[in-house]
Amino acid sequence: MGKYSIKELEKLSGIKAHTIRIWEKRHHLVTPERTQTNIRYYSDDDLKKIINVSVLNNNGVKISKIVDLTAEQINQKVGELSEATNSIDIYIDQLVLAMIDMEEEQFEKILSSLVLKFGFEKTVLEIVYPFLEKIGVLWLTNNITPAQEHFISNLVRQKMIVAIDALPLPPKTSRKALLFLPENELHELGLLFYNYVVKKLGFRTYYLGQTVPHKDLIYVANHHKPEVVITALTNGPTPHAMKNYLTKLSTDLGSAKIFISGSAVKKANPELPPNMQQFRNALEIKQLLVEL
């Protein structure tokens with residue numbers, strides 16, 4: 001069961017903490033519990049209720065009307081809104097709610113309908129990525145369990161693999177791209193989506209996945225001779241260790257153009273070798289490859 005501060009509720013729902021307090025006092029919308037040291041906290045049910053209320057309120061329903069509705073009526077109205085509008089925020093909130101309750105069928109249903117409605121690429125860029133950033137609040141505050149983390153990651157990963165497999169295999173004469181994560185790098189959802197983008201552009205991709213030993217990377221690169229190598233660093237070694245690693249990577253993959261991303265690289269902002277370029281997201285790597 002989650003325990004959320006009012007600031008965490010604000011980040012996840014988009015409703016200002018001041019407004020939540022007014023709703024508490026004036027309309028008794030939620031009733032926070034208190035710790036033994038008298039610190040207020042909110043439950044999963046409180047979070048779900050605030051998110052649904054924020055959806056209705058942001059779409060013109062007055063709070064005085066919402067408080068008279070039952071939980072079932074609120075859910076019904078939110079569902080009707082999601083079908084009648086193309087609001088990205090509503091879809092993100094629905095994914096958050098499905099994740100909290102670990103409702104696999106609901107999560108799968110929402111994702112599938114979004115892919116049909118917007119296409120895979122737009123769904124990931126405009127809905128899945130912002131959703132993952134939003135629930136990052138839960139990871140940082142220990143309000144998401146390992147089970148929930150695996151639940152989300154595996155469902156999104158499955159969607160990406162299906163979408164990648166559905167793309168036609170480029171001919172052997174196509175340009176080649178190798179994608180990998182270095183040793184101890186485990187967050188591969190971003191890399192999987194880069195693989196989708198690159199393959200869709202017509203590159204023949206070699207996807208090695210997470211925590212790839214350097215010697216294995218070099219073996220595959222020497223065998224297939226890719227023009228492009230794509231990787232990401234999120235765990236982040238020390239600045240000195242990162243500089244040494246990037247230099248070694250550049251030297252060992254000297255004939256390839258290396259594109260590198262990730263929060264650790266962004267934070268360190270190291271000086272990059274001539275054959276290496278930093279990118280921020282999937283849209284940027286797509287543009288860089290088009291111009292290559």
# chains A, B, ... in the order shown; residues from 1 in each chain; ligands from 1
>>> residues_around(residues="region 227-240 of chain A", least_positions_apart="4", cutoff="8 Å", atoms="only C-alpha atoms", output="MDAnalysis selection string")
chainID A and resid 175:182 184:185 187 191 244 255:265 268 270
>>> write_last_selection(atoms="N, CA and C atoms", output="short mmCIF file (atom, residue, chain, number, x, y, z; two decimals), in the first residue's frame")
data_model
loop_
_atom_site.label_atom_id
_atom_site.label_comp_id
_atom_site.auth_asym_id
_atom_site.auth_seq_id
_atom_site.Cartn_x
_atom_site.Cartn_y
_atom_site.Cartn_z
N ARG A 175 22.04 -0.17 -44.78
CA ARG A 175 22.96 0.30 -43.75
C ARG A 175 22.72 -0.46 -42.46
N LYS A 176 23.78 -0.65 -41.67
CA LYS A 176 23.69 -1.46 -40.47
C LYS A 176 23.83 -0.61 -39.22
N ALA A 177 23.04 -0.98 -38.19
CA ALA A 177 23.11 -0.29 -36.90
C ALA A 177 23.16 -1.33 -35.79
N LEU A 178 24.04 -1.12 -34.84
CA LEU A 178 24.20 -2.02 -33.69
C LEU A 178 23.75 -1.27 -32.45
N LEU A 179 22.87 -1.89 -31.66
CA LEU A 179 22.36 -1.26 -30.44
C LEU A 179 22.68 -2.12 -29.24
N PHE A 180 23.18 -1.49 -28.17
CA PHE A 180 23.56 -2.26 -26.97
C PHE A 180 23.56 -1.35 -25.75
N LEU A 181 23.55 -1.98 -24.56
CA LEU A 181 23.80 -1.28 -23.31
C LEU A 181 25.05 -1.87 -22.69
N PRO A 182 25.93 -1.03 -22.14
CA PRO A 182 27.16 -1.54 -21.53
C PRO A 182 26.87 -2.41 -20.31
N ASN A 184 26.29 -3.68 -16.68
CA ASN A 184 25.61 -3.08 -15.52
C ASN A 184 24.54 -2.05 -15.89
N GLU A 185 24.25 -1.92 -17.18
CA GLU A 185 23.15 -1.06 -17.61
C GLU A 185 21.95 -1.96 -17.94
N HIS A 187 18.36 -0.78 -17.95
CA HIS A 187 17.11 -0.13 -18.38
C HIS A 187 17.06 -0.05 -19.90
N LEU A 191 16.19 1.79 -25.30
CA LEU A 191 16.99 1.19 -26.37
C LEU A 191 16.11 0.38 -27.32
N ASN A 244 37.20 7.56 -19.71
CA ASN A 244 38.03 6.43 -20.16
C ASN A 244 37.21 5.44 -20.98
N SER A 255 35.53 2.88 -36.82
CA SER A 255 34.95 3.07 -38.15
C SER A 255 33.46 3.39 -38.10
N ALA A 256 32.84 3.31 -36.92
CA ALA A 256 31.40 3.54 -36.78
C ALA A 256 31.12 4.93 -36.21
N LYS A 257 29.95 5.45 -36.53
CA LYS A 257 29.46 6.66 -35.89
C LYS A 257 28.69 6.23 -34.66
N ILE A 258 29.09 6.71 -33.49
CA ILE A 258 28.50 6.27 -32.22
C ILE A 258 27.57 7.35 -31.69
N PHE A 259 26.32 6.96 -31.43
CA PHE A 259 25.35 7.88 -30.83
C PHE A 259 25.07 7.42 -29.41
N ILE A 260 25.20 8.34 -28.47
CA ILE A 260 25.09 7.97 -27.05
C ILE A 260 24.08 8.86 -26.34
N SER A 261 23.31 8.25 -25.44
CA SER A 261 22.28 8.98 -24.71
C SER A 261 22.27 8.53 -23.26
N GLY A 262 21.29 8.99 -22.50
CA GLY A 262 21.14 8.56 -21.11
C GLY A 262 21.38 9.66 -20.11
N SER A 263 20.74 9.53 -18.93
CA SER A 263 20.82 10.56 -17.90
C SER A 263 22.23 10.76 -17.36
N ALA A 264 23.02 9.68 -17.30
CA ALA A 264 24.39 9.81 -16.79
C ALA A 264 25.25 10.65 -17.73
N VAL A 265 25.05 10.46 -19.04
CA VAL A 265 25.81 11.24 -20.03
C VAL A 265 25.37 12.70 -19.98
N ALA A 268 26.87 14.27 -16.79
CA ALA A 268 28.33 14.46 -16.84
C ALA A 268 28.75 15.42 -17.94
N PRO A 270 30.26 14.98 -20.85
CA PRO A 270 31.70 14.83 -21.12
C PRO A 270 32.07 15.33 -22.51
#
>>> select_by_dssp(residues="region 86-183 of chain A", states="alpha helix (DSSP H)", output="PyMOL selection string")
chain A and resi 88-101+104-118+120-123+129-140+146-166
>>> closest_residue(among="A:Ala71, A:Leu81, A:Leu208, A:Leu253", to="Asn57 (chain A)", atoms="only C-alpha atoms")
A:Leu81
>>> residues_around(residues="region 168-172 of chain A", least_positions_apart="3", cutoff="12 Å", atoms="only C-alpha atoms", output="list of chain:residue names")
A:Ala163, A:Ile164, A:Asp165, A:Arg175, A:Lys176, A:Ala177, A:Tyr196, A:Val198, A:Lys199, A:Lys200, A:Leu201, A:Gly202, A:Phe203, A:Arg204, A:Thr205, A:Tyr206, A:His224, A:Pro226
>>> atom_distance(atom1="CA of Lys3 (chain A)", atom2="CA of Asp44 (chain A)")
7.2 Å
>>> closest_residue(among="A:Val55, A:Lys243, A:Glu104, A:Leu292", to="Gln76 (chain A)", atoms="only C-alpha atoms")
A:Val55
>>> residues_around(residues="Ile63 (chain A)", least_positions_apart="5", cutoff="12 Å", atoms="only C-alpha atoms", output="list in words")
Thr19, Ile20, Ile22, Trp23, Glu24, Arg26, His27, His28, Leu29, Ile50, Asn52, Val53, Ser54, Val55, Leu56, Asn57, Asn58, Asp68, Leu69 and Ile74 of chain A
>>> write_last_selection(atoms="N, CA and C atoms", output="JSON list (two decimals), in the first residue's frame")
[["chain", "number", "residue", "atom", "x", "y", "z"],
["A", 19, "THR", "N", -4.82, 23.29, -3.67],
["A", 19, "THR", "CA", -6.17, 22.92, -4.11],
["A", 19, "THR", "C", -6.63, 21.62, -3.43],
["A", 20, "ILE", "N", -5.71, 20.65, -3.32],
["A", 20, "ILE", "CA", -6.06, 19.38, -2.66],
["A", 20, "ILE", "C", -6.49, 19.64, -1.22],
["A", 22, "ILE", "N", -7.81, 22.39, -0.02],
["A", 22, "ILE", "CA", -9.14, 23.02, -0.04],
["A", 22, "ILE", "C", -10.22, 21.97, -0.26],
["A", 23, "TRP", "N", -9.96, 21.03, -1.19],
["A", 23, "TRP", "CA", -10.92, 19.96, -1.46],
["A", 23, "TRP", "C", -11.14, 19.09, -0.22],
["A", 24, "GLU", "N", -10.08, 18.88, 0.52],
["A", 24, "GLU", "CA", -10.18, 18.11, 1.77],
["A", 24, "GLU", "C", -11.09, 18.81, 2.77],
["A", 26, "ARG", "N", -13.11, 21.56, 2.44],
["A", 26, "ARG", "CA", -14.42, 22.06, 2.02],
["A", 26, "ARG", "C", -15.36, 20.94, 1.59],
["A", 27, "HIS", "N", -14.78, 19.92, 0.90],
["A", 27, "HIS", "CA", -15.63, 18.89, 0.30],
["A", 27, "HIS", "C", -15.38, 17.48, 0.87],
["A", 28, "HIS", "N", -14.41, 17.36, 1.78],
["A", 28, "HIS", "CA", -14.07, 16.06, 2.38],
["A", 28, "HIS", "C", -13.80, 15.01, 1.30],
["A", 29, "LEU", "N", -13.08, 15.45, 0.28],
["A", 29, "LEU", "CA", -12.83, 14.56, -0.87],
["A", 29, "LEU", "C", -11.96, 13.37, -0.48],
["A", 50, "ILE", "N", -8.03, 11.18, -6.44],
["A", 50, "ILE", "CA", -7.57, 12.52, -6.84],
["A", 50, "ILE", "C", -7.29, 12.57, -8.34],
["A", 52, "ASN", "N", -8.66, 10.71, -10.75],
["A", 52, "ASN", "CA", -9.93, 10.70, -11.49],
["A", 52, "ASN", "C", -10.68, 12.03, -11.35],
["A", 53, "VAL", "N", -10.66, 12.59, -10.16],
["A", 53, "VAL", "CA", -11.32, 13.88, -9.95],
["A", 53, "VAL", "C", -10.63, 14.97, -10.77],
["A", 54, "SER", "N", -9.30, 14.92, -10.85],
["A", 54, "SER", "CA", -8.56, 15.92, -11.63],
["A", 54, "SER", "C", -8.91, 15.82, -13.11],
["A", 55, "VAL", "N", -9.13, 14.60, -13.60],
["A", 55, "VAL", "CA", -9.51, 14.41, -15.01],
["A", 55, "VAL", "C", -10.85, 15.09, -15.28],
["A", 56, "LEU", "N", -11.82, 14.85, -14.41],
["A", 56, "LEU", "CA", -13.14, 15.45, -14.60],
["A", 56, "LEU", "C", -13.09, 16.97, -14.44],
["A", 57, "ASN", "N", -12.38, 17.42, -13.41],
["A", 57, "ASN", "CA", -12.31, 18.85, -13.15],
["A", 57, "ASN", "C", -11.61, 19.60, -14.28],
["A", 58, "ASN", "N", -10.55, 18.99, -14.83],
["A", 58, "ASN", "CA", -9.81, 19.61, -15.94],
["A", 58, "ASN", "C", -10.63, 19.65, -17.22],
["A", 68, "ASP", "N", -20.59, 14.83, -5.32],
["A", 68, "ASP", "CA", -21.88, 14.15, -5.15],
["A", 68, "ASP", "C", -21.94, 12.81, -5.90],
["A", 69, "LEU", "N", -20.91, 12.52, -6.69],
["A", 69, "LEU", "CA", -20.89, 11.29, -7.46],
["A", 69, "LEU", "C", -20.30, 10.14, -6.65],
["A", 74, "ILE", "N", -17.94, 8.23, -10.98],
["A", 74, "ILE", "CA", -16.72, 8.95, -11.37],
["A", 74, "ILE", "C", -15.94, 8.16, -12.42]]
>>> residues_around(residues="region 157-160 of chain A", least_positions_apart="6", cutoff="7 Å", atoms="only C-alpha atoms", output="ChimeraX atom specification")
/A:189,192-193
>>> residues_around(residues="Tyr91 (chain A)", least_positions_apart="2", cutoff="10 Å", atoms="only C-alpha atoms", output="PyMOL selection string")
chain A and resi 82-83+85-89+93-97+110-111+114+123+127-128+131
>>> write_last_selection(atoms="all heavy atoms", output="short mmCIF file (atom, residue, chain, number, x, y, z; two decimals), in the first residue's frame")
data_model
loop_
_atom_site.label_atom_id
_atom_site.label_comp_id
_atom_site.auth_asym_id
_atom_site.auth_seq_id
_atom_site.Cartn_x
_atom_site.Cartn_y
_atom_site.Cartn_z
N SER A 82 -12.53 9.56 -21.87
CA SER A 82 -11.38 9.00 -22.58
C SER A 82 -11.75 8.53 -23.98
O SER A 82 -10.93 8.56 -24.90
CB SER A 82 -10.76 7.84 -21.79
OG SER A 82 -11.63 6.73 -21.76
N GLU A 83 -13.00 8.10 -24.15
CA GLU A 83 -13.46 7.66 -25.47
C GLU A 83 -13.83 8.83 -26.37
O GLU A 83 -13.73 8.75 -27.59
CB GLU A 83 -14.67 6.73 -25.31
CG GLU A 83 -14.33 5.38 -24.67
CD GLU A 83 -15.55 4.50 -24.49
OE1 GLU A 83 -16.65 4.92 -24.94
OE2 GLU A 83 -15.42 3.41 -23.89
N THR A 85 -12.47 11.98 -26.23
CA THR A 85 -11.44 13.00 -26.41
C THR A 85 -10.12 12.36 -26.80
O THR A 85 -9.91 11.16 -26.62
CB THR A 85 -11.25 13.81 -25.12
OG1 THR A 85 -10.25 14.82 -25.34
CG2 THR A 85 -10.78 12.93 -23.99
N ASN A 86 -9.23 13.18 -27.35
CA ASN A 86 -7.87 12.72 -27.67
C ASN A 86 -6.85 13.28 -26.69
O ASN A 86 -5.67 13.40 -27.00
CB ASN A 86 -7.49 13.14 -29.09
CG ASN A 86 -8.18 12.28 -30.14
OD1 ASN A 86 -8.51 11.12 -29.88
ND2 ASN A 86 -8.41 12.84 -31.31
N SER A 87 -7.31 13.64 -25.50
CA SER A 87 -6.42 14.23 -24.49
C SER A 87 -5.37 13.23 -24.03
O SER A 87 -5.69 12.16 -23.48
CB SER A 87 -7.24 14.71 -23.29
OG SER A 87 -6.38 15.09 -22.24
N ILE A 88 -4.12 13.56 -24.25
CA ILE A 88 -3.02 12.69 -23.87
C ILE A 88 -2.98 12.49 -22.36
O ILE A 88 -2.71 11.40 -21.86
CB ILE A 88 -1.67 13.30 -24.36
CG1 ILE A 88 -1.65 13.39 -25.89
CG2 ILE A 88 -0.50 12.48 -23.85
CD1 ILE A 88 -1.81 12.09 -26.61
N ASP A 89 -3.26 13.55 -21.59
CA ASP A 89 -3.17 13.48 -20.13
C ASP A 89 -4.12 12.43 -19.55
O ASP A 89 -3.78 11.76 -18.58
CB ASP A 89 -3.48 14.85 -19.51
CG ASP A 89 -2.38 15.87 -19.78
OD1 ASP A 89 -1.24 15.43 -20.03
OD2 ASP A 89 -2.66 17.08 -19.75
N ASP A 93 -2.99 9.23 -17.23
CA ASP A 93 -3.59 8.98 -15.92
C ASP A 93 -4.21 7.59 -15.84
O ASP A 93 -4.11 6.91 -14.81
CB ASP A 93 -4.67 10.04 -15.63
CG ASP A 93 -4.07 11.40 -15.30
OD1 ASP A 93 -2.90 11.44 -14.90
OD2 ASP A 93 -4.78 12.41 -15.47
N GLN A 94 -4.83 7.14 -16.93
CA GLN A 94 -5.42 5.79 -16.92
C GLN A 94 -4.35 4.71 -16.77
O GLN A 94 -4.56 3.70 -16.09
CB GLN A 94 -6.22 5.57 -18.20
CG GLN A 94 -7.54 6.31 -18.24
CD GLN A 94 -8.36 5.97 -19.48
OE1 GLN A 94 -7.82 5.83 -20.57
NE2 GLN A 94 -9.66 5.85 -19.31
N LEU A 95 -3.20 4.93 -17.41
CA LEU A 95 -2.10 3.97 -17.27
C LEU A 95 -1.57 3.96 -15.84
O LEU A 95 -1.23 2.89 -15.31
CB LEU A 95 -0.97 4.32 -18.25
CG LEU A 95 -1.26 4.08 -19.74
CD1 LEU A 95 -0.10 4.56 -20.60
CD2 LEU A 95 -1.56 2.60 -20.02
N VAL A 96 -1.49 5.13 -15.22
CA VAL A 96 -1.05 5.20 -13.82
C VAL A 96 -2.00 4.41 -12.93
O VAL A 96 -1.57 3.63 -12.07
CB VAL A 96 -0.95 6.67 -13.35
CG1 VAL A 96 -0.70 6.72 -11.83
CG2 VAL A 96 0.16 7.40 -14.07
N LEU A 97 -3.30 4.58 -13.13
CA LEU A 97 -4.29 3.87 -12.31
C LEU A 97 -4.20 2.36 -12.50
O LEU A 97 -4.27 1.59 -11.54
CB LEU A 97 -5.70 4.36 -12.67
CG LEU A 97 -6.02 5.82 -12.31
CD1 LEU A 97 -7.39 6.21 -12.84
CD2 LEU A 97 -5.95 6.04 -10.81
N ILE A 110 -5.75 -0.56 -22.66
CA ILE A 110 -5.47 0.86 -22.91
C ILE A 110 -4.35 1.01 -23.93
O ILE A 110 -4.47 1.77 -24.91
CB ILE A 110 -5.09 1.59 -21.60
CG1 ILE A 110 -6.27 1.60 -20.63
CG2 ILE A 110 -4.63 3.02 -21.89
CD1 ILE A 110 -5.90 2.02 -19.22
N LEU A 111 -3.26 0.27 -23.73
CA LEU A 111 -2.12 0.36 -24.65
C LEU A 111 -2.51 -0.04 -26.07
O LEU A 111 -2.16 0.63 -27.03
CB LEU A 111 -0.97 -0.53 -24.16
CG LEU A 111 0.13 0.12 -23.31
CD1 LEU A 111 1.24 -0.88 -23.05
CD2 LEU A 111 0.69 1.37 -23.97
N LEU A 114 -4.61 2.58 -27.76
CA LEU A 114 -3.82 3.76 -28.10
C LEU A 114 -2.99 3.53 -29.36
O LEU A 114 -2.86 4.41 -30.21
CB LEU A 114 -2.90 4.15 -26.94
CG LEU A 114 -3.59 4.69 -25.68
CD1 LEU A 114 -2.60 4.88 -24.55
CD2 LEU A 114 -4.31 5.99 -25.99
N THR A 123 2.26 6.77 -29.85
CA THR A 123 1.85 6.28 -28.54
C THR A 123 3.02 6.26 -27.57
O THR A 123 2.92 6.70 -26.42
CB THR A 123 1.24 4.87 -28.65
OG1 THR A 123 0.05 4.93 -29.43
CG2 THR A 123 0.90 4.30 -27.28
N ILE A 127 2.81 9.29 -25.02
CA ILE A 127 2.05 8.76 -23.89
C ILE A 127 2.90 7.85 -22.99
O ILE A 127 2.98 8.08 -21.78
CB ILE A 127 0.80 7.99 -24.38
CG1 ILE A 127 -0.10 8.95 -25.18
CG2 ILE A 127 0.03 7.39 -23.21
CD1 ILE A 127 -1.24 8.29 -25.90
N VAL A 128 3.56 6.85 -23.57
CA VAL A 128 4.30 5.90 -22.74
C VAL A 128 5.49 6.56 -22.06
O VAL A 128 5.71 6.38 -20.85
CB VAL A 128 4.75 4.68 -23.57
CG1 VAL A 128 5.66 3.77 -22.74
CG2 VAL A 128 3.55 3.90 -24.06
N PHE A 131 4.34 8.82 -19.31
CA PHE A 131 3.83 7.95 -18.23
C PHE A 131 4.98 7.41 -17.39
O PHE A 131 4.94 7.44 -16.15
CB PHE A 131 3.04 6.79 -18.85
CG PHE A 131 2.90 5.59 -17.95
CD1 PHE A 131 2.08 5.62 -16.84
CD2 PHE A 131 3.59 4.42 -18.23
CE1 PHE A 131 1.96 4.52 -16.02
CE2 PHE A 131 3.48 3.32 -17.41
CZ PHE A 131 2.66 3.37 -16.29
#
>>> atom_distance(atom1="CA of Gln210 (chain A)", atom2="CA of Glu105 (chain A)")
27.6 Å
>>> atom_distance(atom1="CA of Pro32 (chain A)", atom2="CA of Met102 (chain A)")
22.9 Å
>>> closest_residue(among="A:Leu116, A:Asp216, A:Val30, A:Asn154", to="Glu188 (chain A)", atoms="only C-alpha atoms")
A:Asn154
>>> closest_residue(among="A:Leu47, A:Leu9, A:Leu186, A:Ile285", to="Thr211 (chain A)", atoms="only C-alpha atoms")
A:Leu186
>>> decode(residues="region 146-157 of chain A", atoms="all heavy atoms", output="PDB file, in the first residue's frame")
ATOM      1  N   PRO A 146       8.778  -3.757  -6.444  1.00  0.00           N
ATOM      2  CA  PRO A 146       9.455  -4.447  -7.547  1.00  0.00           C
ATOM      3  C   PRO A 146       8.473  -5.187  -8.455  1.00  0.00           C
ATOM      4  O   PRO A 146       8.665  -5.248  -9.669  1.00  0.00           O
ATOM      5  CB  PRO A 146      10.389  -5.423  -6.821  1.00  0.00           C
ATOM      6  CG  PRO A 146      10.671  -4.757  -5.512  1.00  0.00           C
ATOM      7  CD  PRO A 146       9.390  -4.049  -5.144  1.00  0.00           C
ATOM      8  N   ALA A 147       7.405  -5.738  -7.861  1.00  0.00           N
ATOM      9  CA  ALA A 147       6.400  -6.452  -8.663  1.00  0.00           C
ATOM     10  C   ALA A 147       5.733  -5.502  -9.646  1.00  0.00           C
ATOM     11  O   ALA A 147       5.520  -5.836 -10.818  1.00  0.00           O
ATOM     12  CB  ALA A 147       5.359  -7.092  -7.751  1.00  0.00           C
ATOM     13  N   GLN A 148       5.377  -4.291  -9.183  1.00  0.00           N
ATOM     14  CA  GLN A 148       4.753  -3.309 -10.074  1.00  0.00           C
ATOM     15  C   GLN A 148       5.727  -2.853 -11.156  1.00  0.00           C
ATOM     16  O   GLN A 148       5.352  -2.660 -12.305  1.00  0.00           O
ATOM     17  CB  GLN A 148       4.260  -2.110  -9.266  1.00  0.00           C
ATOM     18  CG  GLN A 148       3.020  -2.398  -8.441  1.00  0.00           C
ATOM     19  CD  GLN A 148       2.694  -1.259  -7.493  1.00  0.00           C
ATOM     20  OE1 GLN A 148       3.562  -0.745  -6.801  1.00  0.00           O
ATOM     21  NE2 GLN A 148       1.435  -0.858  -7.467  1.00  0.00           N
ATOM     22  N   GLU A 149       6.996  -2.678 -10.772  1.00  0.00           N
ATOM     23  CA  GLU A 149       8.017  -2.263 -11.743  1.00  0.00           C
ATOM     24  C   GLU A 149       8.154  -3.299 -12.851  1.00  0.00           C
ATOM     25  O   GLU A 149       8.165  -2.966 -14.038  1.00  0.00           O
ATOM     26  CB  GLU A 149       9.355  -2.055 -11.037  1.00  0.00           C
ATOM     27  CG  GLU A 149      10.472  -1.655 -11.980  1.00  0.00           C
ATOM     28  CD  GLU A 149      11.808  -1.515 -11.285  1.00  0.00           C
ATOM     29  OE1 GLU A 149      11.851  -1.602 -10.043  1.00  0.00           O
ATOM     30  OE2 GLU A 149      12.817  -1.329 -11.989  1.00  0.00           O
ATOM     31  N   HIS A 150       8.240  -4.583 -12.471  1.00  0.00           N
ATOM     32  CA  HIS A 150       8.360  -5.653 -13.474  1.00  0.00           C
ATOM     33  C   HIS A 150       7.088  -5.756 -14.314  1.00  0.00           C
ATOM     34  O   HIS A 150       7.146  -6.005 -15.516  1.00  0.00           O
ATOM     35  CB  HIS A 150       8.654  -6.987 -12.791  1.00  0.00           C
ATOM     36  CG  HIS A 150      10.005  -7.053 -12.156  1.00  0.00           C
ATOM     37  ND1 HIS A 150      11.164  -6.751 -12.843  1.00  0.00           N
ATOM     38  CD2 HIS A 150      10.401  -7.369 -10.895  1.00  0.00           C
ATOM     39  CE1 HIS A 150      12.212  -6.891 -12.038  1.00  0.00           C
ATOM     40  NE2 HIS A 150      11.767  -7.254 -10.858  1.00  0.00           N
ATOM     41  N   PHE A 151       5.955  -5.577 -13.665  1.00  0.00           N
ATOM     42  CA  PHE A 151       4.662  -5.625 -14.344  1.00  0.00           C
ATOM     43  C   PHE A 151       4.624  -4.612 -15.490  1.00  0.00           C
ATOM     44  O   PHE A 151       4.314  -4.948 -16.635  1.00  0.00           O
ATOM     45  CB  PHE A 151       3.565  -5.336 -13.312  1.00  0.00           C
ATOM     46  CG  PHE A 151       2.219  -5.002 -13.892  1.00  0.00           C
ATOM     47  CD1 PHE A 151       1.407  -5.984 -14.432  1.00  0.00           C
ATOM     48  CD2 PHE A 151       1.751  -3.693 -13.877  1.00  0.00           C
ATOM     49  CE1 PHE A 151       0.160  -5.677 -14.956  1.00  0.00           C
ATOM     50  CE2 PHE A 151       0.498  -3.378 -14.394  1.00  0.00           C
ATOM     51  CZ  PHE A 151      -0.289  -4.375 -14.929  1.00  0.00           C
ATOM     52  N   ILE A 152       4.988  -3.367 -15.190  1.00  0.00           N
ATOM     53  CA  ILE A 152       4.969  -2.312 -16.198  1.00  0.00           C
ATOM     54  C   ILE A 152       6.017  -2.557 -17.270  1.00  0.00           C
ATOM     55  O   ILE A 152       5.733  -2.517 -18.473  1.00  0.00           O
ATOM     56  CB  ILE A 152       5.215  -0.938 -15.537  1.00  0.00           C
ATOM     57  CG1 ILE A 152       4.031  -0.568 -14.642  1.00  0.00           C
ATOM     58  CG2 ILE A 152       5.444   0.143 -16.594  1.00  0.00           C
ATOM     59  CD1 ILE A 152       2.708  -0.515 -15.361  1.00  0.00           C
ATOM     60  N   SER A 153       7.238  -2.805 -16.845  1.00  0.00           N
ATOM     61  CA  SER A 153       8.340  -2.964 -17.792  1.00  0.00           C
ATOM     62  C   SER A 153       8.073  -4.095 -18.776  1.00  0.00           C
ATOM     63  O   SER A 153       8.312  -3.955 -19.981  1.00  0.00           O
ATOM     64  CB  SER A 153       9.658  -3.218 -17.044  1.00  0.00           C
ATOM     65  OG  SER A 153       9.985  -2.123 -16.230  1.00  0.00           O
ATOM     66  N   ASN A 154       7.578  -5.217 -18.270  1.00  0.00           N
ATOM     67  CA  ASN A 154       7.356  -6.371 -19.142  1.00  0.00           C
ATOM     68  C   ASN A 154       6.224  -6.135 -20.141  1.00  0.00           C
ATOM     69  O   ASN A 154       6.321  -6.536 -21.300  1.00  0.00           O
ATOM     70  CB  ASN A 154       7.063  -7.620 -18.302  1.00  0.00           C
ATOM     71  CG  ASN A 154       8.310  -8.164 -17.623  1.00  0.00           C
ATOM     72  OD1 ASN A 154       9.416  -7.980 -18.121  1.00  0.00           O
ATOM     73  ND2 ASN A 154       8.137  -8.812 -16.490  1.00  0.00           N
ATOM     74  N   LEU A 155       5.159  -5.468 -19.701  1.00  0.00           N
ATOM     75  CA  LEU A 155       4.053  -5.206 -20.621  1.00  0.00           C
ATOM     76  C   LEU A 155       4.471  -4.245 -21.736  1.00  0.00           C
ATOM     77  O   LEU A 155       4.156  -4.459 -22.908  1.00  0.00           O
ATOM     78  CB  LEU A 155       2.855  -4.629 -19.863  1.00  0.00           C
ATOM     79  CG  LEU A 155       2.047  -5.616 -19.014  1.00  0.00           C
ATOM     80  CD1 LEU A 155       0.939  -4.900 -18.262  1.00  0.00           C
ATOM     81  CD2 LEU A 155       1.452  -6.727 -19.877  1.00  0.00           C
ATOM     82  N   VAL A 156       5.180  -3.185 -21.370  1.00  0.00           N
ATOM     83  CA  VAL A 156       5.646  -2.229 -22.379  1.00  0.00           C
ATOM     84  C   VAL A 156       6.669  -2.889 -23.290  1.00  0.00           C
ATOM     85  O   VAL A 156       6.658  -2.704 -24.514  1.00  0.00           O
ATOM     86  CB  VAL A 156       6.242  -0.975 -21.710  1.00  0.00           C
ATOM     87  CG1 VAL A 156       6.840  -0.034 -22.752  1.00  0.00           C
ATOM     88  CG2 VAL A 156       5.177  -0.237 -20.899  1.00  0.00           C
ATOM     89  N   ARG A 157       7.547  -3.684 -22.698  1.00  0.00           N
ATOM     90  CA  ARG A 157       8.579  -4.389 -23.472  1.00  0.00           C
ATOM     91  C   ARG A 157       7.949  -5.330 -24.500  1.00  0.00           C
ATOM     92  O   ARG A 157       8.378  -5.393 -25.652  1.00  0.00           O
ATOM     93  CB  ARG A 157       9.486  -5.168 -22.521  1.00  0.00           C
ATOM     94  CG  ARG A 157      10.720  -5.788 -23.169  1.00  0.00           C
ATOM     95  CD  ARG A 157      11.613  -6.432 -22.112  1.00  0.00           C
ATOM     96  NE  ARG A 157      12.835  -6.924 -22.702  1.00  0.00           N
ATOM     97  CZ  ARG A 157      12.975  -8.121 -23.255  1.00  0.00           C
ATOM     98  NH1 ARG A 157      11.934  -8.953 -23.277  1.00  0.00           N
ATOM     99  NH2 ARG A 157      14.111  -8.502 -23.785  1.00  0.00           N
TER     100      ARG A 157
END
